[in-house]
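query-v4.json, holding JSON, C-alpha atoms:
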```json
[["chain", "number", "residue", "atom", "x", "y", "z"],
["K", 226, "MET", "CA", 19.65, -8.55, -39.39],
["K", 227, "ALA", "CA", 17.90, -5.60, -37.71],
["K", 228, "PRO", "CA", 18.15, -5.51, -33.92],
["K", 229, "LYS", "CA", 15.00, -6.32, -32.02],
["K", 230, "ARG", "CA", 13.22, -3.41, -30.46],
["K", 231, "ASN", "CA", 12.20, -3.47, -26.85],
["K", 232, "THR", "CA", 8.50, -2.77, -26.66],
["K", 233, "ASN", "CA", 7.57, -0.54, -23.76],
["K", 234, "THR", "CA", 4.27, -1.35, -22.08],
["K", 235, "ASN", "CA", 2.64, 0.61, -19.29],
["K", 236, "TRP", "CA", 1.22, -2.51, -17.67],
["K", 237, "ASP", "CA", 3.42, -3.95, -14.95],
["K", 238, "PRO", "CA", 2.09, -7.13, -13.32],
["K", 239, "ILE", "CA", 4.39, -6.81, -10.30],
["K", 240, "LEU", "CA", 3.11, -3.28, -9.65],
["K", 241, "LEU", "CA", -0.47, -4.48, -9.94],
["K", 242, "ILE", "CA", 0.15, -7.41, -7.59],
["K", 243, "SER", "CA", 1.91, -5.27, -4.97],
["K", 244, "GLN", "CA", -0.90, -2.69, -4.93],
["K", 245, "THR", "CA", -3.52, -5.43, -4.79],
["K", 246, "LEU", "CA", -1.77, -6.95, -1.78],
["K", 247, "HIS", "CA", -1.74, -3.53, -0.08],
["K", 248, "TYR", "CA", -5.50, -3.10, -0.40],
["K", 249, "LEU", "CA", -6.09, -6.75, 0.43],
["K", 250, "THR", "CA", -4.21, -6.22, 3.69],
["K", 251, "LEU", "CA", -6.37, -3.19, 4.45],
["K", 252, "SER", "CA", -9.56, -5.11, 3.67],
["K", 253, "VAL", "CA", -8.51, -7.80, 6.14],
["K", 254, "LEU", "CA", -7.55, -5.39, 8.94],
["K", 255, "VAL", "CA", -10.05, -2.52, 8.76],
["K", 256, "PRO", "CA", -13.50, -4.20, 9.02],
["K", 257, "PRO", "CA", -12.90, -6.35, 12.13],
["K", 258, "LEU", "CA", -11.06, -3.59, 14.01],
["K", 259, "LEU", "CA", -13.80, -1.07, 13.23],
["K", 260, "ALA", "CA", -16.47, -3.55, 14.25],
["K", 261, "ILE", "CA", -14.74, -4.07, 17.60],
["K", 262, "PHE", "CA", -13.49, -0.58, 18.55],
["K", 263, "ALA", "CA", -15.53, 1.98, 16.57],
["K", 264, "GLU", "CA", -18.81, 3.48, 17.72],
["K", 265, "PRO", "CA", -21.45, 1.15, 16.24],
["K", 266, "THR", "CA", -24.35, 3.56, 15.59],
["K", 267, "SER", "CA", -22.48, 6.08, 13.46],
["K", 268, "ILE", "CA", -20.62, 3.43, 11.49],
["K", 269, "THR", "CA", -23.89, 1.67, 10.74],
["K", 270, "TYR", "CA", -25.35, 4.87, 9.33],
["K", 271, "GLU", "CA", -22.28, 5.23, 7.08],
["K", 272, "GLY", "CA", -22.53, 1.81, 5.51],
["K", 273, "GLY", "CA", -21.01, -0.50, 8.11],
["K", 274, "ALA", "CA", -17.46, -1.55, 8.95],
["K", 275, "ALA", "CA", -17.10, -3.44, 5.66],
["K", 276, "ASN", "CA", -18.06, -0.42, 3.54],
["K", 277, "ILE", "CA", -15.41, 0.27, 0.89],
["K", 278, "GLY", "CA", -15.53, 3.93, 1.84],
["K", 279, "MET", "CA", -13.72, 3.12, 5.08],
["K", 280, "ILE", "CA", -10.62, 2.51, 2.95],
["K", 281, "MET", "CA", -11.20, 4.64, -0.14],
["K", 282, "ASP", "CA", -12.69, 7.80, 1.41],
["K", 283, "TRP", "CA", -10.01, 10.06, 2.91],
["K", 284, "ARG", "CA", -12.64, 11.75, 5.11],
["K", 285, "GLU", "CA", -13.03, 8.55, 7.13],
["K", 286, "MET", "CA", -9.37, 8.70, 8.17],
["K", 287, "ALA", "CA", -9.57, 12.45, 8.71],
["K", 288, "GLY", "CA", -12.59, 12.11, 11.01],
["K", 289, "ARG", "CA", -14.90, 14.19, 8.86],
["K", 290, "PRO", "CA", -18.56, 13.44, 8.09],
["K", 291, "THR", "CA", -19.26, 11.67, 4.81],
["K", 292, "VAL", "CA", -23.07, 11.71, 4.78],
["K", 293, "ARG", "CA", -25.39, 14.60, 4.02],
["K", 294, "GLY", "CA", -27.30, 14.39, 7.27],
["K", 295, "ILE", "CA", -30.19, 12.82, 9.10],
["K", 296, "HIS", "CA", -33.76, 13.37, 7.99],
["K", 297, "GLY", "CA", -36.96, 12.64, 9.88],
["K", 298, "ALA", "CA", -39.22, 14.02, 12.55],
["K", 299, "ARG", "CA", -38.72, 13.51, 16.24],
["K", 300, "GLY", "CA", -40.15, 10.18, 17.33],
["K", 301, "GLY", "CA", -40.33, 8.95, 13.72],
["K", 302, "TYR", "CA", -37.92, 7.24, 11.39],
["K", 303, "SER", "CA", -34.64, 8.80, 10.29],
["K", 304, "TRP", "CA", -32.13, 7.99, 7.57],
["K", 305, "ALA", "CA", -28.80, 9.13, 6.14],
["K", 306, "TRP", "CA", -27.74, 9.39, 2.51],
["K", 307, "SER", "CA", -24.35, 8.93, 0.86],
["K", 308, "GLY", "CA", -23.64, 8.74, -2.87],
["K", 309, "GLY", "CA", -27.33, 8.90, -3.71],
["K", 310, "LYS", "CA", -28.16, 5.83, -1.63],
["K", 311, "LYS", "CA", -29.91, 5.42, 1.70],
["K", 312, "ILE", "CA", -27.28, 3.87, 3.94],
["K", 313, "GLY", "CA", -28.81, 4.21, 7.42],
["K", 314, "TYR", "CA", -32.37, 3.78, 8.59],
["K", 315, "GLY", "CA", -33.94, 3.43, 12.01],
["K", 316, "LEU", "CA", -35.83, 5.02, 14.86],
["K", 317, "GLN", "CA", -34.59, 8.46, 15.77],
["K", 318, "GLU", "CA", -34.43, 7.71, 19.50],
["K", 319, "ASP", "CA", -31.83, 5.02, 18.88],
["K", 320, "GLY", "CA", -30.37, 6.68, 15.81],
["K", 321, "TRP", "CA", -27.19, 8.56, 15.05],
["K", 322, "ASP", "CA", -26.92, 12.15, 16.30],
["K", 323, "GLY", "CA", -24.62, 13.22, 13.44],
["K", 324, "ARG", "CA", -21.38, 13.31, 15.42],
["K", 325, "VAL", "CA", -18.27, 11.69, 13.94],
["K", 326, "ASP", "CA", -16.47, 8.99, 15.90],
["K", 327, "PRO", "CA", -12.81, 10.11, 16.33],
["K", 328, "MET", "CA", -11.71, 6.55, 17.14],
["K", 329, "ARG", "CA", -12.57, 5.45, 13.60],
["K", 330, "GLY", "CA", -9.96, 7.72, 12.01],
["K", 331, "TRP", "CA", -7.22, 6.48, 14.34],
["K", 332, "ILE", "CA", -8.09, 2.85, 13.58],
["K", 333, "ILE", "CA", -7.99, 3.40, 9.81],
["K", 334, "ALA", "CA", -4.71, 5.32, 10.10],
["K", 335, "LEU", "CA", -3.16, 2.52, 12.17],
["K", 336, "CYS", "CA", -4.32, -0.05, 9.61],
["K", 337, "TRP", "CA", -2.77, 2.01, 6.81],
["K", 338, "LEU", "CA", 0.58, 2.07, 8.60],
["K", 339, "VAL", "CA", 0.38, -1.67, 9.24],
["K", 340, "ALA", "CA", -0.37, -2.22, 5.53],
["K", 341, "CYS", "CA", 2.67, -0.08, 4.66],
["K", 342, "SER", "CA", 4.73, -2.30, 6.95],
["K", 343, "ALA", "CA", 3.40, -5.34, 5.10],
["K", 344, "ASP", "CA", 4.38, -3.62, 1.83],
["K", 345, "ILE", "CA", 7.99, -3.89, 2.97],
["K", 346, "PHE", "CA", 7.76, -7.67, 2.74],
["K", 347, "TYR", "CA", 5.78, -7.55, -0.53],
["K", 348, "LEU", "CA", 8.31, -5.26, -2.23],
["K", 349, "TYR", "CA", 11.28, -7.13, -0.76],
["K", 350, "THR", "CA", 9.89, -10.38, -2.18],
["K", 351, "LEU", "CA", 8.45, -9.22, -5.51],
["K", 352, "VAL", "CA", 10.42, -6.13, -6.61],
["K", 353, "ARG", "CA", 13.80, -7.07, -5.09],
["K", 354, "ARG", "CA", 15.74, -4.18, -6.71],
["K", 355, "PRO", "CA", 16.47, -1.22, -4.39],
["K", 356, "ARG", "CA", 16.22, 1.41, -7.13],
["K", 357, "LEU", "CA", 12.62, 0.36, -7.90],
["K", 358, "ILE", "CA", 11.30, 0.54, -4.33],
["K", 359, "LEU", "CA", 10.77, 4.31, -4.43],
["K", 360, "ASP", "CA", 8.98, 4.13, -7.79],
["K", 361, "PHE", "CA", 6.57, 1.45, -6.61],
["K", 362, "THR", "CA", 5.83, 3.25, -3.34],
["K", 363, "LEU", "CA", 5.20, 6.63, -4.96],
["K", 364, "THR", "CA", 3.01, 4.99, -7.60],
["K", 365, "LEU", "CA", 0.88, 3.41, -4.88],
["K", 366, "LEU", "CA", 0.58, 6.76, -3.10],
["K", 367, "LEU", "CA", -0.36, 8.60, -6.30],
["K", 368, "ASN", "CA", -2.93, 5.98, -7.29],
["K", 369, "HIS", "CA", -4.53, 6.11, -3.84],
["K", 370, "LEU", "CA", -4.74, 9.90, -3.97],
["K", 371, "VAL", "CA", -6.46, 9.70, -7.34],
["K", 372, "LEU", "CA", -8.86, 6.99, -6.19],
["K", 373, "THR", "CA", -9.76, 8.64, -2.89],
["K", 374, "SER", "CA", -10.28, 12.02, -4.57],
["K", 375, "TYR", "CA", -12.54, 10.42, -7.16],
["K", 376, "TYR", "CA", -14.47, 8.40, -4.56],
["K", 377, "SER", "CA", -15.09, 11.35, -2.23],
["K", 378, "ALA", "CA", -15.42, 13.91, -5.07],
["K", 379, "SER", "CA", -12.95, 16.16, -3.23],
["K", 380, "ILE", "CA", -9.19, 16.58, -2.94],
["K", 381, "PRO", "CA", -7.79, 15.60, 0.49],
["K", 382, "THR", "CA", -7.37, 18.68, 2.68],
["K", 383, "SER", "CA", -6.67, 17.02, 6.02],
["K", 384, "GLY", "CA", -3.23, 17.46, 7.52],
["K", 385, "PHE", "CA", -3.64, 14.23, 9.48],
["K", 386, "PHE", "CA", -4.41, 12.30, 6.28],
["K", 387, "TRP", "CA", -1.32, 13.69, 4.51],
["K", 388, "LEU", "CA", 0.84, 12.98, 7.57],
["K", 389, "ILE", "CA", -0.19, 9.31, 7.57],
["K", 390, "MET", "CA", 0.34, 9.00, 3.80],
["K", 391, "ILE", "CA", 3.83, 10.50, 3.97],
["K", 392, "ALA", "CA", 4.81, 8.56, 7.10],
["K", 393, "GLY", "CA", 3.69, 5.27, 5.55],
["K", 394, "SER", "CA", 5.62, 5.94, 2.35],
["K", 395, "ILE", "CA", 8.79, 6.90, 4.22],
["K", 396, "LEU", "CA", 8.51, 3.77, 6.37],
["K", 397, "THR", "CA", 8.12, 1.51, 3.33],
["K", 398, "VAL", "CA", 10.88, 3.09, 1.24],
["K", 399, "THR", "CA", 13.46, 3.34, 4.03],
["K", 400, "ILE", "CA", 13.22, -0.21, 5.36],
["K", 401, "ALA", "CA", 12.53, -1.99, 2.05],
["K", 402, "GLU", "CA", 15.49, -0.31, 0.32],
["K", 403, "GLN", "CA", 17.84, -1.17, 3.18],
["K", 404, "LEU", "CA", 16.75, -4.81, 3.15],
["K", 405, "CYS", "CA", 17.13, -5.07, -0.63],
["K", 406, "VAL", "CA", 20.57, -3.43, -0.56],
["K", 407, "LYS", "CA", 21.69, -5.76, 2.24],
["K", 408, "ARG", "CA", 20.52, -8.77, 0.25],
["K", 409, "GLU", "CA", 22.32, -7.63, -2.91],
["K", 410, "MET", "CA", 25.53, -7.07, -0.95],
["K", 411, "SER", "CA", 25.35, -10.51, 0.65],
["K", 412, "GLU", "CA", 24.63, -12.15, -2.69],
["K", 413, "GLY", "CA", 27.49, -10.26, -4.33],
["K", 414, "LEU", "CA", 29.99, -11.25, -1.65],
["K", 415, "SER", "CA", 29.13, -14.94, -1.74],
["K", 416, "VAL", "CA", 31.45, -16.50, -4.37],
["K", 417, "PRO", "CA", 30.62, -20.06, -5.43],
["K", 418, "PRO", "CA", 33.51, -22.56, -4.96],
["K", 419, "VAL", "CA", 35.48, -23.48, -8.09],
["K", 420, "PRO", "CA", 35.64, -27.22, -8.85],
["K", 421, "VAL", "CA", 39.06, -28.88, -8.49],
["K", 422, "ALA", "CA", 39.29, -29.83, -12.18],
["K", 423, "GLU", "CA", 38.57, -26.30, -13.33],
["K", 424, "ASP", "CA", 41.02, -24.92, -10.77],
["K", 425, "GLU", "CA", 43.83, -27.17, -12.07],
["K", 426, "ALA", "CA", 43.01, -26.26, -15.68],
["K", 427, "LEU", "CA", 43.23, -22.55, -14.84],
["K", 428, "GLU", "CA", 46.62, -23.05, -13.14],
["K", 429, "GLU", "CA", 47.96, -24.90, -16.19],
["K", 430, "MET", "CA", 46.76, -22.11, -18.48],
["K", 431, "GLU", "CA", 48.45, -19.49, -16.29],
["K", 432, "LEU", "CA", 51.72, -21.48, -16.17],
["K", 433, "GLY", "CA", 51.62, -21.97, -19.93],
["K", 434, "SER", "CA", 51.17, -18.27, -20.55],
["K", 435, "LEU", "CA", 54.09, -17.46, -18.22],
["K", 436, "LEU", "CA", 56.37, -19.94, -20.00],
["K", 437, "ARG", "CA", 55.48, -18.47, -23.42],
["K", 438, "ARG", "CA", 56.35, -14.99, -22.14],
["K", 439, "ARG", "CA", 59.77, -16.20, -20.94],
["K", 440, "ASP", "CA", 60.51, -17.79, -24.30]]
```
Take the structure I supplied and represent it as structure tokens, if you would.
Amino acid sequence: MAPKRNTNTNWDPILLISQTLHYLTLSVLVPPLLAIFAEPTSITYEGGAANIGMIMDWREMAGRPTVRGIHGARGGYSWAWSGGKKIGYGLQEDGWDGRVDPMRGWIIALCWLVACSADIFYLYTLVRRPRLILDFTLTLLLNHLVLTSYYSASIPTSGFFWLIMIAGSILTVTIAEQLCVKREMSEGLSVPPVPVAEDEALEEMELGSLLRRRD
């Protein structure tokens, strides 16, 4: 009978679930914190605190403008465009002056680090094996770089953005691997007790083998 072949598939449900939980954590943290602490006028002109670009656009974390500008005459209406859509509209006196809110980038960066801390629990619970923690973390980082480059139509060039990405990955890998290794060591050291009947049977087998050797 021919041995069965192991079919290799590129789809890993655990990887998909762990990455989904990462972005779900971000989607829970980012909008309310931006709505509370970020400058309201500029964030309204860029789609609002719940805009997906706050997570997927690296320029938001880097504190760089993401819209093409403000159009309109003084005293009239003004608007801003992003991705071919009008995302901000209002009177120019109360409108956005085009300056980027630096607090927004710090909030998004903090949320990313908190999500990386939550990834420690997700990987510890789902992945469990220490040797796979690095693979899962680097895959998440690579996928986010691809997604954010595609969303913003530009490769990340911000040192602050790269610093947060690397720091979050190091935090996740270091702590998650240590926890998984500690769990494997504790599970390996815990030996289940042998029942009395089995223990007596083993002793009889050992005595029988010793007697046969003497004979």
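Contact shell of range 245-262 of chain K at 9 Å (all atoms listed in the file; same-chain neighbours under 4 positions omitted): Leu240, Leu241, Ile268, Gly273, Ala274, Ala275, Asn276, Ile277, Met279, Ile280, Met328, Arg329, Ile332, Ile333, Cys336, Trp337, Val339, Ala340, Cys341, Ala343, Asp344, Tyr347 and Leu365 of chain K.
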Hey, what's within 12 Å of Ser374 in chain K if we count only C-alpha atoms and toss same-chain stuff fewer than 5 positions away? As a PyMOL selection string, please? chain K and resi 278+281-284+367-369+379-382
Counting all atoms listed in the file, select every polymer residue within 12 Å of (1.1, 13.5, 3.6) as defined in the file's coordinates, and provide the selection as a VMD selection string. chain K and resid 283 287 334 363 366 to 367 369 to 370 381 to 395
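If all atoms listed in the file are the atoms counted, then among K:Pro265, K:Pro355, K:Gly288, K:Gly272 the closest residue to Trp331 in chain K is K:Gly288.
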Write out as a PyMOL selection string which residues come within 10 Å of Arg353 in chain K when counting only C-alpha atoms, dropping same-chain ones fewer than 5 positions away. chain K and resi 346-348+358+401-402+404-406+408-409
If you measure from CA of Arg324 in chain K to CA of Pro290 in chain K, what distance in Å do you get, rounded to one decimal? 7.9 Å
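Picture a line from CA of Ile345 in chain K to CA of Tyr375 in chain K; it runs 27.0 Å.
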What separates CA of Phe361 in chain K and CA of Gly330 in chain K is a distance of 25.7 Å
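Checking K:Val352, K:Met286, K:Met410, K:Leu335 one by one against Ser243 in chain K, counting only C-alpha atoms, you find the shortest gap at K:Val352.
Residue nearest Leu351 in chain K, chosen from K:Asp326, K:Glu285, K:Asp237, K:Glu412 and counting only C-alpha atoms: K:Asp237.
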